[in-house]
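This report concerns only the one structure given below.
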Amino acid sequence: LPLLVKNGRLSPLRYFAPVSANLSALKFSKSTGDFTDDSAERAMKGLAVDVVNAYKSHAEGPTILFAASVKHSEELAQHFNAEGIKTEVVTGNTPMDQRPAIYERLRSGETKVVSSCLALTTGFDLPAATTCMYCRPSNSISTLVQCAGRVMRVSPGKEYGIFLDCSSTLERLGLPHTYLPTGLKTAPLKKPAIDTRKEARIIECKSCRAAMQPGEVKCPECGHERKKFGTLIQKD
């Protein structure tokens, strides 16, 4: 991924972590190896207003939202629509012949946000999509990278994608663009060849809430120095 970004094959990502979830009661699913939908949904309880405000503060262009569950995706869509931000929901039950029209409304700007659980992780083809709102606590690196990849497609006039972490996922898994494919598209992802404990940290700018890597001294968004405005989110 880093090389593809460098060569202009993928768009660079801007990261923000404007919403923190309550991860204390997360439970693992034996079948998926990720957190259960129920526990992920509970971790996001009461944060809908914060998620909408995060959109207002940081989102640009066509926005896709990944929720903790289908129910959660529908609830968030209700909150967005109540604020006058036209949002549609796509789930696994959405007929395939209806989806192109929804995506076209998103591309044209008639619809501002498409909310889903995981229906958009694969098979979603809209290079103009610019903002990814990650509202599902996850322990899956592949899911994180797949979701971020939806807004890394190159499109005319698009300079970057925006990743809004609204689920405290980056502090545990790190920034998705730093993961490297092992070769084939179907091969698993591996972490960069650096210490994994350090890689799994992010620094949050106290001024603009941008998320950056520990090695970065100056915030790439607002220019503040880390020693004055950065806080280490994940500790040893």
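In the structure tokens, chains take letters A, B, ... by order of appearance, with residues numbered from 1 within each chain and ligands from 1 in the order shown.
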Per-residue DSSP, segment 10-92 of chain A, filtered to alpha helix (DSSP H), as a PyMOL selection string: chain A and resi 37-43+48-58+70-82
For the strand (DSSP E or B) assignment from backbone DSSP, which residues of segment 1-173 of chain A qualify? Please present them as a PyMOL selection string. chain A and resi 13-16+28+35+63-67+87-89+113-116+131-135+161-165
Pick out the residues sitting within 12 Å of Gly157 of chain A, and hand them over as a PDB file with N, CA and C atoms, in the first residue's frame; count only C-alpha atoms, and ignore anything fewer than 3 positions along from it in its own chain.
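Saved result, part.pdb, follows:
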```pdb
ATOM      1  N   SER A  11      -4.844   6.840  -3.611  1.00  0.00           N
ATOM      2  CA  SER A  11      -4.852   8.173  -3.005  1.00  0.00           C
ATOM      3  C   SER A  11      -4.309   8.102  -1.585  1.00  0.00           C
ATOM      4  N   GLY A  61     -16.829  15.378   0.407  1.00  0.00           N
ATOM      5  CA  GLY A  61     -17.257  14.580  -0.725  1.00  0.00           C
ATOM      6  C   GLY A  61     -18.128  13.396  -0.355  1.00  0.00           C
ATOM      7  N   PRO A 127     -14.831   5.242  -7.248  1.00  0.00           N
ATOM      8  CA  PRO A 127     -13.558   5.928  -7.002  1.00  0.00           C
ATOM      9  C   PRO A 127     -13.707   7.318  -6.413  1.00  0.00           C
ATOM     10  N   ALA A 128     -14.848   7.986  -6.700  1.00  0.00           N
ATOM     11  CA  ALA A 128     -15.043   9.342  -6.186  1.00  0.00           C
ATOM     12  C   ALA A 128     -15.306   9.385  -4.691  1.00  0.00           C
ATOM     13  N   ALA A 129     -15.618   8.235  -4.069  1.00  0.00           N
ATOM     14  CA  ALA A 129     -15.847   8.208  -2.620  1.00  0.00           C
ATOM     15  C   ALA A 129     -14.612   8.750  -1.911  1.00  0.00           C
ATOM     16  N   THR A 130     -14.825   9.735  -1.043  1.00  0.00           N
ATOM     17  CA  THR A 130     -13.692  10.461  -0.458  1.00  0.00           C
ATOM     18  C   THR A 130     -13.515  10.209   1.033  1.00  0.00           C
ATOM     19  N   ARG A 153      -9.236   4.868  -3.799  1.00  0.00           N
ATOM     20  CA  ARG A 153      -9.238   4.792  -5.259  1.00  0.00           C
ATOM     21  C   ARG A 153      -8.933   6.165  -5.854  1.00  0.00           C
ATOM     22  N   VAL A 154      -8.190   6.167  -6.944  1.00  0.00           N
ATOM     23  CA  VAL A 154      -7.841   7.409  -7.634  1.00  0.00           C
ATOM     24  C   VAL A 154      -9.010   7.847  -8.506  1.00  0.00           C
ATOM     25  N   TYR A 160      -7.021  13.226  -2.165  1.00  0.00           N
ATOM     26  CA  TYR A 160      -6.795  12.358  -1.016  1.00  0.00           C
ATOM     27  C   TYR A 160      -8.107  11.752  -0.570  1.00  0.00           C
ATOM     28  N   GLY A 161      -8.006  10.738   0.286  1.00  0.00           N
ATOM     29  CA  GLY A 161      -9.157  10.198   0.972  1.00  0.00           C
ATOM     30  C   GLY A 161      -9.082  10.602   2.431  1.00  0.00           C
TER      31      GLY A 161
END
```
Polymer residues at most 10 Å from segment 103-112 of chain A, only C-alpha atoms, same-chain spacing of 5 or more positions, as a VMD selection string: chain A and resid 59 to 64 80 to 81 84 to 88 90 98 124 to 130
Excluding Leu47 of chain A and any residue of its chain fewer than 5 positions from it, enumerate the residues within 10 Å of it, using only C-alpha atoms, and give them as number ranges by chain. A: 19-22, 52-53, 76, 135, 166-167
Can you tell me how far atom CA of Asp37 of chain A sits from atom CA of Ala68 of chain A, in Å to one decimal?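 Separation between atom CA of Asp37 of chain A and atom CA of Ala68 of chain A: 5.9 Å.
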Report the distance between atom CA of Ser24 of chain A and atom CA of Ser57 of chain A in Å, rounded to one decimal place.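 Going from atom CA of Ser24 of chain A over to atom CA of Ser57 of chain A, I get 27.0 Å.
We find atom CA of Ser168 of chain A and atom CA of Ala43 of chain A to be spaced 9.9 Å apart.
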So which one's closest to Gly8 of chain A, A:Ala101, A:Leu175, A:Met152, A:Cys219? Using only C-alpha atoms, please.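 Closest to Gly8 of chain A of all the choices is A:Met152.
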Write out as an mmCIF file with N, CA and C atoms, in the first residue's frame which residues come within 8 Å of Gly33 of chain A when counting only C-alpha atoms, dropping same-chain ones fewer than 4 positions away.
```
data_model
loop_
_atom_site.group_PDB
_atom_site.id
_atom_site.type_symbol
_atom_site.label_atom_id
_atom_site.label_comp_id
_atom_site.auth_asym_id
_atom_site.auth_seq_id
_atom_site.Cartn_x
_atom_site.Cartn_y
_atom_site.Cartn_z
ATOM 1 N N PHE A 28 -15.076 -11.300 21.854
ATOM 2 C CA PHE A 28 -14.655 -11.904 20.595
ATOM 3 C C PHE A 28 -15.655 -12.953 20.126
ATOM 4 N N SER A 29 -15.795 -13.035 18.817
ATOM 5 C CA SER A 29 -16.603 -14.084 18.207
ATOM 6 C C SER A 29 -15.693 -15.249 17.836
ATOM 7 N N ASN A 139 -11.118 -5.823 15.380
ATOM 8 C CA ASN A 139 -9.800 -6.381 15.650
ATOM 9 C C ASN A 139 -9.227 -7.014 14.389
ATOM 10 N N SER A 140 -9.881 -6.763 13.257
ATOM 11 C CA SER A 140 -9.486 -7.373 11.990
ATOM 12 C C SER A 140 -8.715 -6.377 11.134
#
```
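Each of A:Glu159, A:Glu74, A:Asp38, A:Asp50 was checked against Thr91 of chain A using only C-alpha atoms; the smallest atom-to-atom distance is that of A:Glu74.
Distance check against Val89 of chain A using only C-alpha atoms: of A:Val114, A:Ala67, A:Leu4, A:Cys147, the minimum falls on A:Val114.
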Among listed residues A:Ile141, A:Ala210, A:Val70, A:Leu10, nearest Phe163 of chain A (using only C-alpha atoms):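 Looking at the shortest contact to Phe163 of chain A, the residue is A:Ala210.
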